[in-house]
Structures are given as structure tokens and as C-alpha cells.
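Visitor: Mind having a look at this structure? Questions to follow.
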Amino acid sequence: EDVTDCDVYSLRRRVGMVFQRPNPFPLSIYDNVTYGMRRQGRNKRSELDEVVERTLTEVGLWDEVRDKLSESGLALSGGQAQRLCIARAMAMDPDVILMDEPTSALDPEIVGEVLNVMRDLASGGMTMVVVTHEMGFAREVGSRVLFLADGKLVEEGTPRDIFEKPQSPRLKEQIGRAH
């Protein structure tokens with residue numbers, strides 16, 4: 001779908017975004033998840049409660065925070081905060097979630113938590129566009145892989161094409177470094 005000439009506000013309602021560094025709002029965990037819904041005038045408490053529990057469960061955070069929903073999202077650890085941000089994006093039922101290096105600012109032992117959430121989203125049918133250096137993740141989860149270098153599209157294809165039959169020297173070199 002060409003989005004270069006559309007109503008930007010309508011587009012924003014259909015696209016979630018997760019940034020490189022976890023960016024919870026300076027609000028409660030509950031209000032972080034429901035922020036977008038409330039901005040759209042969706043204030044029915046039972047609906048908000050259902051979405052909070054569902055999205056936090058989907059990102060593996062519900063059991064960790066169910067008794068702390070009124071506490072600040074800023075108090076969460078890096079991995080918890082990033083999962084909260086994914087839940088916040090999911091609460092709007094977007095058509096697609098854009099993720100810009102969602103694990104790069106996390107401690108190595110926490111990266112797996114976020115990647116597992118993303119795997120679960122992908123297996124559940126969520127469309128994601130993910131910028132990542134996690135080659136194994138891209139190979140395992142991606143349906144289409146684009147290799148960019150110096151601001152240019154170098155190669156694109158299925159994960160099998162890209163990782164088993166790379167064409168460009170730059171991609172071959174990058175894959176060699178990842179092994």
C-alpha cells in the first residue's frame with residue numbers, strides 16, 4: 001500500500017512503533033499500555049483492562065507486573081520496559097509494527113526475552129518491519145529479508161536466498177562475520 005500520499009493521522013492509527021531504546025512514558029504501566037486508546041476516546045474501563053491484561057500477557061510481562069500496574073513504567077528494567085513498549089504498540093491493534101533495532105540497547109542476557117516476544121508475534125501473524133543486526137533472528141523469523149548498506153538496498157529475498165545464496169560481496173562478508 002502506498003503511504004506517501006495519505007492522511008498521516010489515519011496511518012499512525014494503523015502502525016505501531018518500537019524504538020531502539022526502550023521509551024516508556026512517564027506514566028503508570030497501565031497508562032502506558034492504554035495511552036493510545038485513550039487518545040482515541042476509548043475510555044471504557046472494562047475494555048482498557050482487557051487490553052492491558054491481553055497485551056502484557058502476550059509480551060510475557062503480565063505475571064511480573066500484574067500487582068504493579070499503578071507504578072511508573074520508568075521503573076522497569078530494560079527488557080521489561082521494551083516489552084512494555086511492544087505491548088503499548090500492540091494495544092492499538094496495528095496492521096504493522098515497525099521496530100528499529102529493538103534489542104540493541106539491551107543487556108545481552110535480556111535480548112532473548114524481547115526476541116522471544118517478537119517470535120511469538122510473528123507466529124501469531126503480526127506483520128513487523130524490523131531493523132536488526134540479529135542475523136539468526138532474521139533468518140529464523142523473517143519472511144522477507146532486505147540487506148541495506150550505506151543507505152542503499154543491496155539485496156533482498158527470502159531468508160533462504162539471503163543467507164544461503166548471497167549475491168553481493170558485502171552481504172557475503174557480513175554473513176561470514178555472523179558465523
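Residues in the C-alpha cells are numbered from 1 in each chain, the chains being A, B, ... in the order shown, and ligands are numbered from 1 in the order shown.
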Select from region 75-170 of chain A every residue with an atom at most 12 Å from any atom of region 67-71 of chain A, then for each give the shortest pair of atoms and their distance in Å to one decimal, using only C-alpha atoms, rows by chain and rising number, as a Markdown table.

Guide:
| residue | atom | partner | partner_atom | distance |
| --- | --- | --- | --- | --- |
| A:Ala75 | CA | A:Glu71 | CA | 7.6 |
| A:Leu76 | CA | A:Glu71 | CA | 9.2 |
| A:Leu84 | CA | A:Leu69 | CA | 11.2 |

Visitor: Write out as a CSV table (one decimal) with N, CA and C atoms, in the first residue's frame all residues of chain A that DSSP puts in strand (DSSP E or B) for this structure's backbone.

Guide:
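Writing the result to states16.csv gives the following:
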chain,number,residue,atom,x,y,z
A,15,VAL,N,-0.2,1.9,12.5
A,15,VAL,CA,1.2,1.5,12.6
A,15,VAL,C,1.7,1.7,14.0
A,16,GLY,N,2.3,0.6,14.6
A,16,GLY,CA,2.9,0.7,15.9
A,16,GLY,C,4.4,0.9,15.7
A,17,MET,N,5.0,1.5,16.6
A,17,MET,CA,6.5,1.8,16.5
A,17,MET,C,7.2,1.4,17.9
A,18,VAL,N,8.3,0.7,17.7
A,18,VAL,CA,9.1,0.4,18.9
A,18,VAL,C,10.5,0.8,18.5
A,28,SER,N,2.1,5.5,34.6
A,28,SER,CA,2.0,4.1,35.2
A,28,SER,C,2.1,3.1,34.0
A,72,SER,N,5.2,3.4,38.0
A,72,SER,CA,5.7,4.0,36.8
A,72,SER,C,6.4,3.0,35.9
A,96,VAL,N,0.7,-3.2,11.3
A,96,VAL,CA,2.1,-3.4,11.2
A,96,VAL,C,2.8,-2.8,12.4
A,97,ILE,N,3.8,-3.4,12.9
A,97,ILE,CA,4.7,-2.7,13.9
A,97,ILE,C,6.1,-2.5,13.3
A,98,LEU,N,6.5,-1.3,13.4
A,98,LEU,CA,7.9,-1.0,12.9
A,98,LEU,C,8.8,-1.1,14.2
A,99,MET,N,9.9,-1.8,14.0
A,99,MET,CA,10.9,-1.9,15.1
A,99,MET,C,12.3,-1.6,14.7
A,100,ASP,N,12.8,-0.6,15.3
A,100,ASP,CA,14.2,-0.1,15.0
A,100,ASP,C,15.2,-0.6,16.0
A,127,THR,N,2.4,-8.5,11.4
A,127,THR,CA,3.4,-8.0,10.4
A,127,THR,C,4.3,-7.1,11.1
A,128,MET,N,5.6,-7.3,11.0
A,128,MET,CA,6.6,-6.5,11.6
A,128,MET,C,7.6,-6.1,10.5
A,129,VAL,N,8.1,-4.9,10.6
A,129,VAL,CA,9.3,-4.5,9.8
A,129,VAL,C,10.3,-4.2,10.8
A,130,VAL,N,11.4,-5.0,10.8
A,130,VAL,CA,12.4,-5.0,11.9
A,130,VAL,C,13.8,-4.6,11.3
A,131,VAL,N,14.4,-3.6,11.8
A,131,VAL,CA,15.7,-3.3,11.5
A,131,VAL,C,16.5,-4.0,12.6
A,145,VAL,N,13.8,-10.7,3.7
A,145,VAL,CA,14.9,-10.0,4.3
A,145,VAL,C,15.5,-9.0,3.2
A,146,LEU,N,15.7,-7.9,3.7
A,146,LEU,CA,16.4,-6.8,2.9
A,146,LEU,C,17.7,-6.5,3.5
A,147,PHE,N,18.8,-6.5,2.8
A,147,PHE,CA,20.1,-6.1,3.3
A,147,PHE,C,20.4,-4.7,2.8
A,148,LEU,N,20.6,-3.8,3.7
A,148,LEU,CA,20.9,-2.4,3.4
A,148,LEU,C,22.4,-2.1,3.8
A,149,ALA,N,23.1,-1.3,3.0
A,149,ALA,CA,24.4,-0.9,3.4
A,149,ALA,C,24.6,0.5,2.8
A,152,LYS,N,21.7,2.1,1.1
A,152,LYS,CA,21.2,1.6,-0.2
A,152,LYS,C,20.7,0.2,0.0
A,153,LEU,N,19.7,-0.2,-0.8
A,153,LEU,CA,19.2,-1.6,-0.8
A,153,LEU,C,20.2,-2.4,-1.6
A,154,VAL,N,20.9,-3.3,-1.0
A,154,VAL,CA,21.9,-4.1,-1.7
A,154,VAL,C,21.3,-5.4,-2.2
A,155,GLU,N,20.5,-6.0,-1.4
A,155,GLU,CA,19.9,-7.3,-1.8
A,155,GLU,C,18.6,-7.6,-1.0
A,156,GLU,N,17.7,-8.3,-1.6
A,156,GLU,CA,16.5,-8.7,-0.9
A,156,GLU,C,16.1,-10.1,-1.4
A,157,GLY,N,15.4,-10.8,-0.5
A,157,GLY,CA,14.9,-12.1,-0.9
A,157,GLY,C,14.3,-12.8,0.3

Visitor: May I have all residues of chain A that DSSP, computed from the backbone, assigns to helix (DSSP H, G or I), given as a PyMOL selection string?

Guide: chain A and resi 8-14+29-39+45-58+62-65+73-75+78-90+108-123+135-141+159-164+169-178

Visitor: Neighbouring residues of Gly78 (chain A) were defined as those with any atom within 8 Å, considering only C-alpha atoms; residues of the same chain fewer than 6 positions away were excluded. Please report them as a ChimeraX atom specification.

Guide: /A:22,106-107,110

Visitor: Quick one: everything within 12 Å of region 1-10 of chain A, counting only C-alpha atoms, minus sequence neighbours fewer than 2 positions away in the same chain. Send it as a PyMOL selection string.

Guide: chain A and resi 12-15+40+94-96

Visitor: Would you tabulate, counting only C-alpha atoms, all residues of region 93-160 of chain A that have an atom at most 9 Å from an atom of region 49-59 of chain A, showing the closest pair of atoms and their distance in Å to one decimal, sorted by chain then ascending number, as a Markdown table?

Guide:
| residue | atom | partner | partner_atom | distance |
| --- | --- | --- | --- | --- |
| A:Glu113 | CA | A:Val59 | CA | 8.9 |
| A:Val114 | CA | A:Val59 | CA | 8.1 |
| A:Asn116 | CA | A:Val59 | CA | 8.6 |
| A:Val117 | CA | A:Val59 | CA | 5.4 |
| A:Met118 | CA | A:Val59 | CA | 8.4 |
| A:Asp120 | CA | A:Glu58 | CA | 8.0 |
| A:Leu121 | CA | A:Glu58 | CA | 8.1 |

Visitor: Can you write just those residues out, N, CA, C and O atoms, as a short mmCIF file (atom, residue, chain, number, x, y, z; two decimals), in the first residue's frame?

Guide:
data_model
loop_
_atom_site.label_atom_id
_atom_site.label_comp_id
_atom_site.auth_asym_id
_atom_site.auth_seq_id
_atom_site.Cartn_x
_atom_site.Cartn_y
_atom_site.Cartn_z
N GLU A 113 14.69 -12.36 25.76
CA GLU A 113 13.30 -12.11 26.17
C GLU A 113 12.54 -11.37 25.08
O GLU A 113 11.42 -11.74 24.73
N VAL A 114 13.15 -10.31 24.57
CA VAL A 114 12.47 -9.48 23.57
C VAL A 114 12.36 -10.24 22.25
O VAL A 114 11.32 -10.20 21.59
N ASN A 116 12.08 -13.43 21.88
CA ASN A 116 11.02 -14.42 22.04
C ASN A 116 9.64 -13.80 21.87
O ASN A 116 8.75 -14.40 21.26
N VAL A 117 9.46 -12.61 22.39
CA VAL A 117 8.19 -11.90 22.20
C VAL A 117 7.95 -11.65 20.71
O VAL A 117 6.86 -11.87 20.18
N MET A 118 8.99 -11.22 20.02
CA MET A 118 8.86 -10.93 18.59
C MET A 118 8.58 -12.21 17.79
O MET A 118 7.79 -12.20 16.86
N ASP A 120 6.96 -14.81 18.92
CA ASP A 120 5.56 -15.13 19.20
C ASP A 120 4.62 -14.24 18.38
O ASP A 120 3.61 -14.71 17.86
N LEU A 121 4.96 -12.97 18.28
CA LEU A 121 4.14 -12.06 17.46
C LEU A 121 4.12 -12.51 16.00
O LEU A 121 3.06 -12.55 15.36
#

Visitor: Report the distance between CA of Leu27 (chain A) and CA of Gly73 (chain A) in Å, rounded to one decimal place.

Guide: 6.1 Å

Visitor: Which residue out of A:Val65, A:Leu74, A:Ala89, A:Ala138 has the minimum interatomic distance to Glu101 (chain A) when only C-alpha atoms are used?

Guide: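 Ranked by minimum distance to Glu101 (chain A), first place goes to A:Ala138.
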
Visitor: Looking at A:Ser143, A:Gln167, A:Ser46, A:Gln80, which one is nearest to Arg119 (chain A), with distances taken over only C-alpha atoms?

Guide: A:Ser143

Visitor: Nearest residue to Glu140 (chain A) out of A:Met37, A:Leu115, A:Ile29, A:Ile86, using only C-alpha atoms?

Guide: A:Leu115

Visitor: Using Å and a single decimal, report how far CA of Asn32 (chain A) sits from CA of Gly142 (chain A).

Guide: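 Rounded to one decimal, the two atoms are 28.3 Å apart.
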
Visitor: Which residue out of A:Leu11, A:Phe19, A:Cys85, A:Met135 has the minimum interatomic distance to Asp31 (chain A) when only C-alpha atoms are used?

Guide: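 Looking only at the distances to Asp31 (chain A), the closest residue turns out to be A:Cys85.
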